[in-house]
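Trainee: Just protein_5.csv, nothing more (CSV, C-alpha atoms):
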```
chain,number,residue,atom,x,y,z
A,1,MET,CA,-26.5,-43.0,-74.1
A,2,HIS,CA,-22.8,-43.1,-74.9
A,3,GLU,CA,-23.3,-46.5,-76.6
A,4,LEU,CA,-24.5,-44.6,-79.7
A,5,SER,CA,-21.2,-42.7,-80.0
A,6,ILE,CA,-19.2,-45.9,-79.4
A,7,VAL,CA,-21.1,-47.8,-82.1
A,8,THR,CA,-20.8,-44.8,-84.4
A,9,SER,CA,-17.0,-44.8,-83.8
A,10,ILE,CA,-16.8,-48.5,-84.5
A,11,VAL,CA,-18.6,-48.1,-87.8
A,12,LYS,CA,-16.3,-45.2,-88.8
A,13,ILE,CA,-13.2,-47.2,-88.0
A,14,ALA,CA,-14.5,-50.2,-89.9
A,15,LYS,CA,-15.2,-48.0,-92.9
A,16,GLN,CA,-11.6,-46.6,-92.8
A,17,GLU,CA,-10.2,-50.1,-92.7
A,18,VAL,CA,-12.3,-51.4,-95.5
A,19,ASP,CA,-11.4,-48.3,-97.6
A,20,LYS,CA,-7.7,-48.7,-96.7
A,21,ILE,CA,-7.5,-52.1,-98.5
A,22,GLY,CA,-10.0,-51.3,-101.2
A,23,GLY,CA,-12.6,-53.8,-99.9
A,24,ASN,CA,-16.3,-53.8,-100.3
A,25,LYS,CA,-17.6,-54.6,-96.8
A,26,ALA,CA,-16.8,-56.3,-93.5
A,27,LEU,CA,-17.9,-59.9,-93.2
A,28,GLU,CA,-17.1,-60.2,-89.4
A,29,ILE,CA,-16.1,-57.9,-86.6
A,30,TYR,CA,-14.6,-59.0,-83.3
A,31,LEU,CA,-14.8,-56.7,-80.3
A,32,GLN,CA,-13.5,-56.8,-76.8
A,33,ILE,CA,-15.7,-55.0,-74.3
A,34,GLY,CA,-14.8,-55.5,-70.7
A,35,LYS,CA,-17.3,-55.9,-67.9
A,36,LEU,CA,-15.9,-52.8,-66.2
A,37,SER,CA,-15.9,-50.6,-69.4
A,38,GLY,CA,-19.1,-48.8,-68.5
A,39,ILE,CA,-20.8,-50.0,-71.7
A,40,GLU,CA,-24.4,-51.1,-71.1
A,41,MET,CA,-24.6,-54.2,-73.3
A,42,GLY,CA,-28.4,-54.1,-73.6
A,43,SER,CA,-28.2,-50.6,-75.1
A,44,PHE,CA,-25.2,-51.6,-77.2
A,45,HIS,CA,-27.1,-54.5,-78.8
A,46,PHE,CA,-30.3,-52.3,-79.2
A,47,ILE,CA,-28.4,-49.5,-81.1
A,48,TRP,CA,-26.1,-51.8,-83.2
A,49,PRO,CA,-28.6,-52.7,-85.9
A,50,GLN,CA,-29.7,-49.1,-86.5
A,51,CYS,CA,-26.1,-47.8,-86.7
A,52,ILE,CA,-24.8,-50.5,-89.1
A,53,ASN,CA,-27.7,-50.2,-91.5
A,54,GLY,CA,-26.4,-49.0,-94.9
A,55,THR,CA,-22.7,-49.2,-93.8
A,56,VAL,CA,-19.8,-51.6,-94.5
A,57,LEU,CA,-20.9,-53.5,-91.4
A,58,ARG,CA,-24.5,-54.0,-92.6
A,59,ASP,CA,-24.1,-57.8,-93.1
A,60,ALA,CA,-21.2,-58.4,-90.7
A,61,LYS,CA,-21.4,-61.0,-88.0
A,62,LEU,CA,-20.7,-59.5,-84.6
A,63,PHE,CA,-18.5,-61.3,-82.1
A,64,ILE,CA,-18.0,-59.8,-78.6
A,65,GLU,CA,-15.6,-61.0,-75.9
A,66,GLU,CA,-16.4,-59.7,-72.5
A,67,PRO,CA,-13.4,-60.0,-70.2
A,68,GLU,CA,-14.2,-60.2,-66.4
A,69,GLY,CA,-12.9,-57.6,-64.0
A,70,LYS,CA,-9.6,-58.6,-62.3
A,71,ALA,CA,-7.4,-56.4,-60.1
A,72,LYS,CA,-4.2,-56.5,-58.1
A,73,CYS,CA,-4.1,-55.0,-54.7
A,74,ALA,CA,-1.7,-52.1,-54.2
A,75,GLU,CA,-1.2,-53.0,-50.5
A,76,CYS,CA,-0.8,-56.8,-50.4
A,77,GLU,CA,-0.5,-57.6,-54.1
A,78,THR,CA,-3.3,-60.2,-54.0
A,79,LYS,CA,-4.9,-60.7,-57.4
A,80,PHE,CA,-8.7,-60.9,-57.3
A,81,HIS,CA,-12.0,-60.8,-59.3
A,82,ILE,CA,-14.0,-57.6,-59.1
A,83,GLU,CA,-17.6,-56.9,-60.2
A,84,LYS,CA,-17.3,-53.1,-59.8
A,85,SER,CA,-14.4,-50.6,-60.1
A,86,PHE,CA,-14.7,-49.7,-56.4
A,87,ASP,CA,-14.5,-53.2,-55.0
A,88,SER,CA,-11.9,-53.7,-52.2
A,89,CYS,CA,-9.3,-56.4,-51.8
A,90,PRO,CA,-10.8,-59.5,-50.3
A,91,ASN,CA,-7.5,-60.3,-48.5
A,92,CYS,CA,-6.8,-56.9,-46.7
A,93,ASN,CA,-9.8,-54.8,-47.6
A,94,SER,CA,-7.7,-52.1,-49.2
A,95,PRO,CA,-9.6,-50.0,-51.7
A,96,PHE,CA,-6.3,-49.4,-53.6
A,97,LYS,CA,-5.8,-51.6,-56.6
A,98,GLU,CA,-4.6,-51.8,-60.2
A,99,ILE,CA,-7.3,-53.0,-62.5
A,100,ILE,CA,-5.7,-55.6,-64.7
A,101,THR,CA,-8.6,-56.6,-67.0
A,102,GLY,CA,-12.2,-55.6,-67.5
A,103,LYS,CA,-11.9,-52.1,-68.8
A,104,GLU,CA,-11.1,-53.1,-72.4
A,105,LEU,CA,-13.0,-51.5,-75.3
A,106,LYS,CA,-11.3,-52.4,-78.6
A,107,ILE,CA,-11.8,-53.8,-82.1
A,108,LYS,CA,-9.7,-57.0,-82.1
A,109,LYS,CA,-10.3,-58.0,-85.8
A,110,ILE,CA,-12.3,-57.2,-88.9
A,111,ILE,CA,-12.7,-59.7,-91.7
A,112,ILE,CA,-13.0,-57.7,-94.9
A,113,LYS,CA,-14.2,-58.8,-98.4
```
Reformat the file's structure so that it appears as structure tokens.
Mentor:
Amino acid sequence: MHELSIVTSIVKIAKQEVDKIGGNKALEIYLQIGKLSGIEMGSFHFIWPQCINGTVLRDAKLFIEEPEGKAKCAECETKFHIEKSFDSCPNCNSPFKEIITGKELKIKKIIIK
């Protein structure tokens, strides 16, 4: 379950940011986790409470934005919605594409007290 290492990394980064400004704890954390990122959100939400217990994120409100998968065909340049990384272009059926959104995995903002 790589969600554990991801949440652990988020906690570590949040602590570094809180320490950097001499804060006490994080009040809110805003994440962006794309639908194509490979993160199993059920596992993420299951492991989150255990990982933040006793950390700077213990009382923080969690906000998650989940961008949909979008791609641009490398053959005909059609932009289209994708559910899975291997989806083909609906216009020309080419498997070659550039994924524009959906693979994000980032901390957008941390509100610190």
Trainee: Please list, as a PyMOL selection string, the residues that have an atom at most 6 Å away from (-19.2, -61.8, -85.3) in the coordinates of this file, counting all atoms listed in the file.
Mentor: chain A and resi 28-30+61-63
Trainee: List the neighbours of stretch 6-15 of chain A out to 8 Å using only C-alpha atoms; skip same-chain residues closer than 6 positions along the sequence, and give me the result as a PyMOL selection string.
Mentor: chain A and resi 26+44+47-48+51-52+55-57+107+110
Trainee: Give the answer as one residue: which of A:His81, A:Ser37, A:Ile64, A:Ala74 has the shortest atom-to-atom distance to A:Lys108, using all atoms listed in the file?
Mentor: A:Ile64
Trainee: Using Å and a single decimal, report how far atom CA of A:Leu31 sits from atom CA of A:Lys70.
Mentor: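 About the pair atom CA of A:Lys70 and atom CA of A:Leu31: they are 18.8 Å apart.
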Trainee: If I take atom CA of A:Gln32 and atom CA of A:Phe46, how far is one from the other in Å, to one decimal?
Mentor: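 Computed distance, atom CA of A:Gln32 to atom CA of A:Phe46, equals 17.6 Å.
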Trainee: What gap, in Å, lies between atom CA of A:Gly69 and atom CA of A:Ser43?
Mentor: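 Here the two named atoms are 20.2 Å from each other.
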Trainee: Using only C-alpha atoms, which of A:Gln16, A:Thr101, A:Ser88, A:Asn24 sits nearest A:Asp59?
Mentor: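 Residue with the minimum atom-to-atom distance to A:Asp59: A:Asn24.
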Trainee: Under the rule that only C-alpha atoms are counted, which of A:Lys97, A:Lys84, A:Lys72, A:Lys106 is the nearest residue to A:Leu36?
Mentor: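 Smallest distance to A:Leu36 is found for A:Lys84.
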Trainee: From the set A:Ala71, A:Pro49, A:Ala60, A:Thr78, which residue has the shortest atom-to-atom contact distance to A:Lys25, counting only C-alpha atoms?
Mentor: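 Comparing A:Ala71, A:Pro49, A:Ala60, A:Thr78 against A:Lys25, the winner is A:Ala60.
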Trainee: Need the shell around stretch 89-96 of chain A: protein/DNA/RNA residues with any atom at most 8 Å away, counting all atoms listed in the file. Skip same-chain ones fewer than 3 positions apart. Format as an MDAnalysis selection string?
Mentor: chainID A and resid 73:76 78 80 86
Trainee: Output C-alpha atoms for every residue in that selection, as a short mmCIF file (atom, residue, chain, number, x, y, z; two decimals), in the coordinates of the input.
Mentor:
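selection.cif written:
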```cif
data_model
loop_
_atom_site.label_atom_id
_atom_site.label_comp_id
_atom_site.auth_asym_id
_atom_site.auth_seq_id
_atom_site.Cartn_x
_atom_site.Cartn_y
_atom_site.Cartn_z
CA CYS A 73 -4.10 -55.00 -54.70
CA ALA A 74 -1.70 -52.10 -54.20
CA GLU A 75 -1.20 -53.00 -50.50
CA CYS A 76 -0.80 -56.80 -50.40
CA THR A 78 -3.30 -60.20 -54.00
CA PHE A 80 -8.70 -60.90 -57.30
CA PHE A 86 -14.70 -49.70 -56.40
#
```
Trainee: Could you tell me which of A:Glu66, A:Ile100, A:Val18, A:Leu4 comes closest to A:Ser85 if we count only C-alpha atoms?
Mentor: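 Closest to A:Ser85 of all the choices is A:Ile100.
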Trainee: Check the smallest atom-to-atom distance from each of A:Gly22, A:Glu17, A:Glu77, A:Gly34 to A:Glu104 using all atoms listed in the file, then report the winner.
Mentor: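 Answer, going by the shortest atom-to-atom distance: A:Gly34.
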Trainee: Show me the residues close to (-16.5, -59.0, -64.6) - anything with an atom within 7 Å, counting only C-alpha atoms - and format the list as a ChimeraX atom specification.
Mentor: /A:35-36,67-69,82-83,102
